[in-house]
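> Here it is, the structure in full.
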Amino acid sequence: MQFNHPNLSGRVAVVTGGGGVLCGDFAKVLAAQGCKVAVLDLNLEAAQQVANEITSAGGTAIALACNVLERESIAAAHAAVTEQLGSCDILVNGAGGNHPSGTTSKETLEPADLDGVDEGIKTFFDLDPQGISRVFDLNFQGTLLPTQVFARDLAGKPHAAIIMITSMNAIRPLTKIPAYSAAKAAVHNFTQFMAVHFAPVGIRVNAIAPGFFSTNQNKTLLWNEDGSPTPRAGKILAATPMGRFGTPDELRGALLYLCDETYSGFVTGSMIAVDGGFSAYSGV
C-alpha cells in the first residue's frame with residue numbers, strides 16, 4: 001500500500017511503543033512519507049529493529065529506550081530526539097498493554113465462585129489493586145507523561161498533531177479484562193480533554209481505536225498451539241461483521257489522515273474506529 005503525503009516530509013515524529021507490531025508499522029509508514037522518526041520503546045532491541053528497517057529502506061529513524069512511566073526516562077528520550085532529529089511535530093502515544101494481574105479467570109461470576117472452592121479461579125473479588133494500577137498506569141499515565149514532555153514542542157506549530165491509540169475496549173468493555181477496558185476508556189476521555197485544552201495553541205489531538213488485530217501480545221489469547229482459533233477468538237470473529245482480524249496496514253490510512261492537516265485540519269477530539277464493524281454490531 002502506497003501513500004503520498006509530501007507535506008509530512010521533514011517533520012519529526014515520535015512513536016512510543018514503537019517496537020510493537022502496530023506502532024512499529026506506524027513508525028515505518030510515517031518514515032515512508034519523509035518523516036524523521038524516533039522509535040521509543042521499553043525494549044530497545046525491538047525499537048532498534050524497527051529503526052533499522054526504516055533506515056535500510058532509505059528513511060531516517062533512531063531507536064531510543066524509554067519507560068513511559070518514568071518522567072526522567074522520557075525527558076532523556078526527548079533530549080536525544082531534539083539533538084538528533086529536531087523538535088517534535090507529531091506524537092503517537094502507542095505504548096500500552098494488558099497484564100494478567102488485572103484479568104479475571106472467567107467471563108462472568110457464577111454463584112459457585114462465591115464459595116472460593118477452586119483456588120485456581122481468580123474472580124472480580126480477587127483482583128489485586130496493585131495489578132489494576134499497573135495496567136491503568138501503563139495505558140493512561142503512559143500517555144499523559146509523554147504528552148507532558150513532548151507537547152511543549154508542538155505548541156504553536158500550525159501542523160502539530162497528537163495521535164492517541166485507544167481500543168474497542170474504550171467504548172465496549174470486554175469480559176475478563178476490567179483494568180485494560182477502564183484504562184482505554186480513560187485514554188478516550190483524555191483525548192477529548194486534550195483536544196479542548198490544546199486547541200488555543202494549535203495542537204490537534206485525536207485517537208485511533210483498533211478493533212482486533214493478531215499481534216505478538218495477544219497471540220496466546222487468540223490462537224491455540226496448533227494454529228486454530230481459541231474459543232475467545234471465535235467469539236471475536238462472530239461479533240465482527242467483516243469476519244476476520246485486521247492487519248497492521250489497515251490502520252495506516254487513519255494515522256496519515258489524522259497527521260496530515262490538509263486532510264484533517266478541522267478534526268480534533270475524534271476517535272476513528274478501525275474495527276471491521278465490531279462497534280456497530282449489536283449481536284443480532
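In the C-alpha cells, chains take the letters A, B, ... in the order shown, each chain's residues start at 1, and ligands count up from 1 in the order shown.
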When you look at A:Glu250 with a cut-off of 9 Å (counting only C-alpha atoms), what residues show up, excluding the ones that are within fewer than 4 positions of it in the same chain? I need them as JSON, numbers by chain.
{"A": [246, 254, 274]}
> How would the residues just picked look written out with N, CA, C and O atoms as a compact mmCIF listing (two decimals), in the first residue's frame?

```txt
# COMPACT_ATOMS: atom_id res chain seq x y z
N GLY A 246 -8.02 -7.65 11.77
CA GLY A 246 -7.41 -6.63 10.94
C GLY A 246 -5.92 -6.89 10.75
O GLY A 246 -5.30 -7.70 11.47
N ALA A 254 -5.90 5.78 8.58
CA ALA A 254 -6.40 6.60 9.69
C ALA A 254 -5.27 7.43 10.28
O ALA A 254 -5.45 8.62 10.61
N VAL A 274 -11.32 1.48 13.75
CA VAL A 274 -10.86 0.66 12.63
C VAL A 274 -11.04 -0.78 13.09
O VAL A 274 -10.14 -1.41 13.63
```
> Using only C-alpha atoms, find each residue of stretch 69-123 of chain A with at least one atom at most 12 Å away from an atom of stretch 210-231 of chain A; report its shortest atom-to-atom pair and that distance in Å (one decimal), sort the rows by chain and rising residue number, and return the result as CSV.

```
residue,atom,partner,partner_atom,distance
A:Gly94,CA,A:Pro210,CA,11.4
A:Gly96,CA,A:Gln217,CA,10.6
A:Gly97,CA,A:Gln217,CA,8.0
A:Asn98,CA,A:Gln217,CA,8.7
A:His99,CA,A:Gln217,CA,10.0
A:Pro100,CA,A:Leu221,CA,11.4
```
> Could you save those same residues with N, CA, C and O atoms as a PDB file, in the first residue's frame?

```pdb
ATOM      1  N   GLY A  94       1.524   5.375  21.605  1.00  0.00           N
ATOM      2  CA  GLY A  94       1.129   3.998  21.335  1.00  0.00           C
ATOM      3  C   GLY A  94       1.468   3.001  22.417  1.00  0.00           C
ATOM      4  O   GLY A  94       1.011   1.852  22.371  1.00  0.00           O
ATOM      5  N   GLY A  96       1.333   0.820  25.642  1.00  0.00           N
ATOM      6  CA  GLY A  96       0.200   0.342  26.437  1.00  0.00           C
ATOM      7  C   GLY A  96       0.187  -1.171  26.472  1.00  0.00           C
ATOM      8  O   GLY A  96       1.127  -1.824  26.023  1.00  0.00           O
ATOM      9  N   GLY A  97      -0.887  -1.717  26.999  1.00  0.00           N
ATOM     10  CA  GLY A  97      -0.997  -3.172  27.048  1.00  0.00           C
ATOM     11  C   GLY A  97      -1.744  -3.644  28.279  1.00  0.00           C
ATOM     12  O   GLY A  97      -2.125  -2.856  29.148  1.00  0.00           O
ATOM     13  N   ASN A  98      -1.929  -4.936  28.336  1.00  0.00           N
ATOM     14  CA  ASN A  98      -2.645  -5.555  29.446  1.00  0.00           C
ATOM     15  C   ASN A  98      -1.682  -6.430  30.240  1.00  0.00           C
ATOM     16  O   ASN A  98      -0.534  -6.654  29.828  1.00  0.00           O
ATOM     17  N   HIS A  99      -2.153  -6.948  31.389  1.00  0.00           N
ATOM     18  CA  HIS A  99      -1.344  -7.831  32.219  1.00  0.00           C
ATOM     19  C   HIS A  99      -2.282  -8.778  32.964  1.00  0.00           C
ATOM     20  O   HIS A  99      -3.382  -8.373  33.367  1.00  0.00           O
ATOM     21  N   PRO A 100      -1.879 -10.026  33.178  1.00  0.00           N
ATOM     22  CA  PRO A 100      -2.737 -10.987  33.881  1.00  0.00           C
ATOM     23  C   PRO A 100      -3.183 -10.526  35.259  1.00  0.00           C
ATOM     24  O   PRO A 100      -4.237 -10.945  35.747  1.00  0.00           O
TER      25      PRO A 100
END
```
> For the atom pair atom CA of A:Thr103 and atom CA of A:Ala185, what is the interatomic distance in Å to one decimal place?
16.2 Å
> What's the 10 Å shell around A:Ile54, counting only C-alpha atoms, without same-chain residues fewer than 3 positions away, as a PyMOL selection string?
chain A and resi 24+27-32+36-37+48-51+57-62
> Counting only C-alpha atoms, figure out which residue out of A:Leu174, A:Val68, A:Leu114, A:Ala182 gets nearest to A:Gln148.
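Counting only C-alpha atoms, the residue closest to A:Gln148 is A:Val68.
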> Wanna dump the stretch 126-200 of chain A-stretch 3-12 of chain A contacts at 12 Å for me, each residue with its shortest atom pair and the distance in Å to one decimal, counting only C-alpha atoms, ordered by chain and number, as a tab-separated table?

```
residue	atom	partner	partner_atom	distance
A:Phe150	CA	A:Val12	CA	11.4
A:Asp153	CA	A:Val12	CA	10.5
A:Leu154	CA	A:Val12	CA	10.4
A:Lys157	CA	A:Arg11	CA	11.3
A:His159	CA	A:Leu8	CA	9.2
A:Ala160	CA	A:Arg11	CA	9.8
A:Ala161	CA	A:Val12	CA	10.9
```
> Quick one, how far is atom CA of A:Ile203 from atom CA of A:Gly17?
21.3 Å
> Quote the spacing between atom CA of A:Ala207 and atom CA of A:Gly265 in Å to one decimal place.
14.5 Å
> From the list A:Asp260, A:Phe190, A:Leu145, A:Tyr180, which residue is nearest A:Glu72 when using only C-alpha atoms?
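Among the listed residues, A:Leu145 lies closest to A:Glu72.
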